[in-house]
Amino acid sequence: MKEKNRLKEITSLSDIKNKRILYIATKNADYLRITQEIRILRENGNEVTEIVSPSKSYPKRLSYVYRELWRANMNDFDMTFLGFAPQLVMPVFGMKLRKKPLMIDFFISMHDTLCCDRKKFRPNGIAGKLLHRIDRRTLKGVDKAICDTNTHGEYFCREFGFPAEKMITLYLEADSSIYYPRKAASHGAFTVLYFGSVLPLQGVPVILKAIDILKYENNLRFVFIGPLGDNPKKGENITEYIDWLPQEQLAERIADADLCLAGHFSSDIMKAKRTIPGKAYIYRAMNKPMILGENMATHELYSDKQDGIYFVKMGDPVALAEMILRIKKETENEKNC
């Protein structure tokens, strides 16, 4: 109990020092959130033992984690940190993991993501209710939980009955070995870039409609990087569409852009209003001007008083198109001065 009482005083990962920590995650080992957490823990003198698989296959990673956790002796550790997707581990090993002070990264809610964001199940259907129960039971008995924004954390606490004093916000960060400021190549036309996995909350239809509005604009080009799927391409005369790029090539494309679209731009999905898009951290790390969807989460870190930060109403392609034109005009005027 003495160890658990010490966890109550932790308000950030940097407060955890000189402990033997068992770190577990079902996501691939090079996932940015995982490397971020392990780096912070090790920087503070902790001895971190990892149960994380490098496999690209989720079933293989999960099998590896289960096997290694079954073998793990909890007496060898002072505390446990359960990283990405704890919902996949807690139902099987919750009893074992709670033998030591336990912190989890509640980065996503299974119920919110699969029912409200991606709409795979009805929120009040059998599957939806089961996912909600798994989320709630994952948080039950946990000493501390990590989330990605204050707004998201408040939602998790309210929705799943988790004590607010146990929730800690850890904002994402860009990989500085890949994403850093560099000289841009000149393409002549004002270049606007977007990249993403085209998830519903990102609001890709809003971006495509804005492109369509601007398809006859002079001295303007778009670069859209992401798998469009059933989304129809717009403004092909001014837009370069790319399905996927390795991170190093993506960084070069970002460096060449005059303006980057961060989002989230969907106004229909509540999760979009509670989170800061990961690409925003990348654009900021590279000192690129960016447009954000205006919500409480994005305002936790960013303000339009900061250079290169612009906000638009979410779900409004006309407002997005107008903001792109405004920034284009301002940039051209600066170059002509």
# chains A, B, ... in the order shown; residues from 1 in each chain; ligands from 1
$ residues_around --residues "Ile16 of chain A" --least-positions-apart "3" --cutoff "7 Å" --atoms "only C-alpha atoms" --output "PyMOL selection string"
chain A and resi 10+13+41+44
$ residues_around --residues "Pro181 of chain A" --least-positions-apart "6" --cutoff "10 Å" --atoms "only C-alpha atoms" --output "list in words"
Ala251, Glu252, Ile254, Ala255, Tyr283, Arg284, Ala285, Met286, Asn287 and Lys288 of chain A
$ closest_residue --among "A:Ile134, A:Ile40, A:Met110, A:Ala85" --to "Ser14 of chain A" --atoms "only C-alpha atoms"
A:Ile40
$ select_by_dssp --residues "segment 15-233 of chain A" --states "strand (DSSP E or B)" --output "MDAnalysis selection string"
chainID A and resid 20:24 47:51 79:82 102:105 144:147 167:169 190:195 220:225
$ write_last_selection --atoms "N, CA, C and O atoms" --output "compact mmCIF listing (two decimals), in the first residue's frame"
# COMPACT_ATOMS: atom_id res chain seq x y z
N ARG A 20 11.72 0.00 -10.80
CA ARG A 20 11.80 -1.11 -11.75
C ARG A 20 10.41 -1.24 -12.38
O ARG A 20 9.45 -1.60 -11.69
N ILE A 21 10.32 -0.93 -13.66
CA ILE A 21 9.01 -0.83 -14.32
C ILE A 21 8.87 -1.90 -15.40
O ILE A 21 9.75 -2.07 -16.24
N LEU A 22 7.74 -2.59 -15.38
CA LEU A 22 7.40 -3.51 -16.45
C LEU A 22 6.52 -2.73 -17.43
O LEU A 22 5.41 -2.31 -17.09
N TYR A 23 7.03 -2.53 -18.65
CA TYR A 23 6.29 -1.78 -19.67
C TYR A 23 5.74 -2.76 -20.70
O TYR A 23 6.49 -3.55 -21.29
N ILE A 24 4.43 -2.67 -20.96
CA ILE A 24 3.74 -3.60 -21.87
C ILE A 24 2.94 -2.80 -22.89
O ILE A 24 2.27 -1.82 -22.54
N GLU A 47 14.45 1.66 -14.33
CA GLU A 47 14.88 0.47 -15.06
C GLU A 47 13.64 -0.12 -15.72
O GLU A 47 12.73 -0.60 -15.03
N VAL A 48 13.56 -0.03 -17.06
CA VAL A 48 12.36 -0.42 -17.79
C VAL A 48 12.57 -1.74 -18.52
O VAL A 48 13.48 -1.87 -19.34
N THR A 49 11.73 -2.73 -18.19
CA THR A 49 11.71 -4.00 -18.89
C THR A 49 10.52 -3.98 -19.85
O THR A 49 9.39 -3.75 -19.42
N GLU A 50 10.79 -4.20 -21.13
CA GLU A 50 9.74 -4.07 -22.15
C GLU A 50 9.17 -5.42 -22.56
O GLU A 50 9.91 -6.36 -22.80
N ILE A 51 7.85 -5.45 -22.64
CA ILE A 51 7.17 -6.54 -23.33
C ILE A 51 6.44 -5.89 -24.50
O ILE A 51 5.28 -5.48 -24.41
N MET A 79 6.42 -1.43 -10.28
CA MET A 79 5.14 -1.00 -10.85
C MET A 79 5.05 -1.47 -12.30
O MET A 79 6.05 -1.88 -12.90
N THR A 80 3.84 -1.39 -12.85
CA THR A 80 3.59 -1.79 -14.23
C THR A 80 3.02 -0.61 -15.01
O THR A 80 2.19 0.15 -14.49
N PHE A 81 3.47 -0.46 -16.26
CA PHE A 81 2.92 0.55 -17.17
C PHE A 81 2.38 -0.20 -18.38
O PHE A 81 3.13 -0.84 -19.11
N LEU A 82 1.07 -0.13 -18.58
CA LEU A 82 0.42 -0.81 -19.70
C LEU A 82 0.10 0.23 -20.77
O LEU A 82 -0.74 1.10 -20.57
N LEU A 102 -0.32 0.19 -10.83
CA LEU A 102 -0.56 0.05 -12.27
C LEU A 102 -0.96 1.38 -12.91
O LEU A 102 -1.90 2.04 -12.47
N MET A 103 -0.24 1.74 -13.96
CA MET A 103 -0.57 2.91 -14.78
C MET A 103 -0.84 2.41 -16.20
O MET A 103 -0.13 1.54 -16.70
N ILE A 104 -1.87 2.97 -16.84
CA ILE A 104 -2.19 2.58 -18.21
C ILE A 104 -2.26 3.82 -19.10
O ILE A 104 -2.50 4.93 -18.62
N ASP A 105 -2.04 3.61 -20.39
CA ASP A 105 -2.25 4.67 -21.37
C ASP A 105 -3.61 4.42 -22.01
O ASP A 105 -3.76 3.56 -22.87
N LYS A 144 -3.29 5.06 -12.04
CA LYS A 144 -3.19 6.26 -12.85
C LYS A 144 -3.47 5.90 -14.31
O LYS A 144 -3.15 4.80 -14.75
N ALA A 145 -4.03 6.84 -15.06
CA ALA A 145 -4.25 6.64 -16.49
C ALA A 145 -3.72 7.85 -17.24
O ALA A 145 -3.79 8.99 -16.76
N ILE A 146 -3.17 7.59 -18.43
CA ILE A 146 -2.64 8.64 -19.29
C ILE A 146 -3.62 8.87 -20.43
O ILE A 146 -4.16 7.91 -21.00
N CYS A 147 -3.83 10.12 -20.82
CA CYS A 147 -4.63 10.44 -22.00
C CYS A 147 -3.85 11.44 -22.85
O CYS A 147 -2.77 11.89 -22.46
N MET A 167 -6.26 10.93 -13.61
CA MET A 167 -6.01 11.07 -15.04
C MET A 167 -4.89 12.08 -15.29
O MET A 167 -4.89 13.17 -14.72
N ILE A 168 -3.93 11.72 -16.13
CA ILE A 168 -2.77 12.55 -16.47
C ILE A 168 -2.75 12.76 -17.98
O ILE A 168 -2.94 11.82 -18.75
N THR A 169 -2.51 13.99 -18.41
CA THR A 169 -2.41 14.28 -19.84
C THR A 169 -0.95 14.23 -20.29
O THR A 169 -0.09 14.88 -19.68
N PHE A 190 1.86 28.13 -54.97
CA PHE A 190 1.63 28.01 -53.53
C PHE A 190 1.12 26.60 -53.26
O PHE A 190 0.09 26.18 -53.80
N THR A 191 1.85 25.84 -52.42
CA THR A 191 1.57 24.41 -52.23
C THR A 191 0.94 24.15 -50.86
O THR A 191 1.49 24.52 -49.82
N VAL A 192 -0.22 23.48 -50.89
CA VAL A 192 -0.94 23.11 -49.67
C VAL A 192 -0.91 21.59 -49.54
O VAL A 192 -1.27 20.87 -50.48
N LEU A 193 -0.47 21.10 -48.38
CA LEU A 193 -0.30 19.65 -48.19
C LEU A 193 -1.22 19.11 -47.10
O LEU A 193 -1.43 19.75 -46.07
N TYR A 194 -1.75 17.93 -47.36
CA TYR A 194 -2.47 17.17 -46.34
C TYR A 194 -1.99 15.72 -46.40
O TYR A 194 -1.80 15.16 -47.48
N PHE A 195 -1.80 15.10 -45.23
CA PHE A 195 -1.57 13.65 -45.20
C PHE A 195 -2.39 13.06 -44.07
O PHE A 195 -2.67 13.71 -43.06
N LEU A 220 -1.86 27.85 -57.48
CA LEU A 220 -2.18 27.06 -56.29
C LEU A 220 -2.15 25.59 -56.65
O LEU A 220 -2.67 25.17 -57.69
N ARG A 221 -1.51 24.78 -55.79
CA ARG A 221 -1.50 23.33 -55.98
C ARG A 221 -1.67 22.63 -54.63
O ARG A 221 -1.27 23.17 -53.58
N PHE A 222 -2.26 21.46 -54.67
CA PHE A 222 -2.46 20.65 -53.47
C PHE A 222 -1.67 19.35 -53.61
O PHE A 222 -1.53 18.80 -54.70
N VAL A 223 -1.18 18.87 -52.47
CA VAL A 223 -0.61 17.53 -52.38
C VAL A 223 -1.42 16.79 -51.33
O VAL A 223 -1.45 17.20 -50.16
N PHE A 224 -2.10 15.71 -51.73
CA PHE A 224 -2.93 14.92 -50.82
C PHE A 224 -2.30 13.53 -50.70
O PHE A 224 -2.23 12.78 -51.67
N ILE A 225 -1.85 13.20 -49.49
CA ILE A 225 -1.18 11.92 -49.24
C ILE A 225 -2.05 11.08 -48.31
O ILE A 225 -2.24 11.41 -47.14
$ residues_around --residues "Thr138 of chain A" --least-positions-apart "5" --cutoff "9 Å" --atoms "only C-alpha atoms" --output "list in words"
Pro86, Gln87, Val89, Met90, Pro91, Gly94, Ile104, Phe106 and Arg133 of chain A
$ select_by_dssp --residues "segment 18-248 of chain A" --states "helix (DSSP H, G or I)" --output "MDAnalysis selection string"
chainID A and resid 32:43 58:71 74:76 86:88 90:97 110:117 126:139 150:160 164:166 200:202 204:213 247:248
$ closest_residue --among "A:Ala189, A:Ile126, A:Val52, A:Val92" --to "Glu332 of chain A" --atoms "only C-alpha atoms"
A:Ala189
$ residues_around --residues "Leu320 of chain A" --least-positions-apart "2" --cutoff "12 Å" --atoms "only C-alpha atoms" --output "PyMOL selection string"
chain A and resi 192+203-214+260-266+290-294+310-318+322-327
$ atom_distance --atom1 "atom CA of Thr113 of chain A" --atom2 "atom CA of Asp143 of chain A"
23.7 Å
$ residues_around --residues "Arg122 of chain A" --least-positions-apart "4" --cutoff "12 Å" --atoms "only C-alpha atoms" --output "short mmCIF file (atom, residue, chain, number, x, y, z; two decimals) with N, CA and C atoms, in the first residue's frame"
data_model
loop_
_atom_site.label_atom_id
_atom_site.label_comp_id
_atom_site.auth_asym_id
_atom_site.auth_seq_id
_atom_site.Cartn_x
_atom_site.Cartn_y
_atom_site.Cartn_z
N HIS A 111 -15.10 1.76 -27.28
CA HIS A 111 -16.50 2.08 -27.56
C HIS A 111 -16.59 3.34 -28.42
N ASP A 112 -15.89 4.38 -28.05
CA ASP A 112 -15.96 5.64 -28.78
C ASP A 112 -15.39 5.49 -30.20
N THR A 113 -14.26 4.77 -30.31
CA THR A 113 -13.60 4.63 -31.60
C THR A 113 -14.42 3.78 -32.57
N LEU A 114 -14.88 2.62 -32.11
CA LEU A 114 -15.55 1.68 -33.02
C LEU A 114 -17.03 1.98 -33.23
N CYS A 115 -17.66 2.63 -32.25
CA CYS A 115 -19.09 2.91 -32.36
C CYS A 115 -19.39 4.33 -32.85
N CYS A 116 -18.68 5.32 -32.29
CA CYS A 116 -19.00 6.71 -32.59
C CYS A 116 -18.12 7.31 -33.68
N ASP A 117 -16.86 6.87 -33.75
CA ASP A 117 -15.93 7.40 -34.75
C ASP A 117 -16.06 6.60 -36.05
N ARG A 118 -15.71 5.32 -36.01
CA ARG A 118 -15.69 4.51 -37.24
C ARG A 118 -17.04 3.85 -37.55
N ILE A 126 -25.62 -4.67 -28.84
CA ILE A 126 -24.94 -5.65 -27.98
C ILE A 126 -23.43 -5.43 -27.99
N ALA A 127 -22.85 -5.30 -29.20
CA ALA A 127 -21.41 -5.10 -29.30
C ALA A 127 -20.99 -3.77 -28.67
N GLY A 128 -21.79 -2.73 -28.91
CA GLY A 128 -21.48 -1.41 -28.35
C GLY A 128 -21.47 -1.43 -26.83
N LYS A 129 -22.45 -2.08 -26.25
CA LYS A 129 -22.53 -2.16 -24.78
C LYS A 129 -21.36 -2.98 -24.22
N LEU A 130 -20.98 -4.04 -24.95
CA LEU A 130 -19.84 -4.85 -24.51
C LEU A 130 -18.56 -4.03 -24.54
N LEU A 131 -18.35 -3.26 -25.61
CA LEU A 131 -17.15 -2.42 -25.71
C LEU A 131 -17.12 -1.37 -24.60
N HIS A 132 -18.28 -0.80 -24.29
CA HIS A 132 -18.36 0.19 -23.21
C HIS A 132 -17.98 -0.44 -21.88
#
$ closest_residue --among "A:Arg33, A:Arg136, A:Lys120, A:Arg253" --to "Phe107 of chain A" --atoms "only C-alpha atoms"
A:Arg33
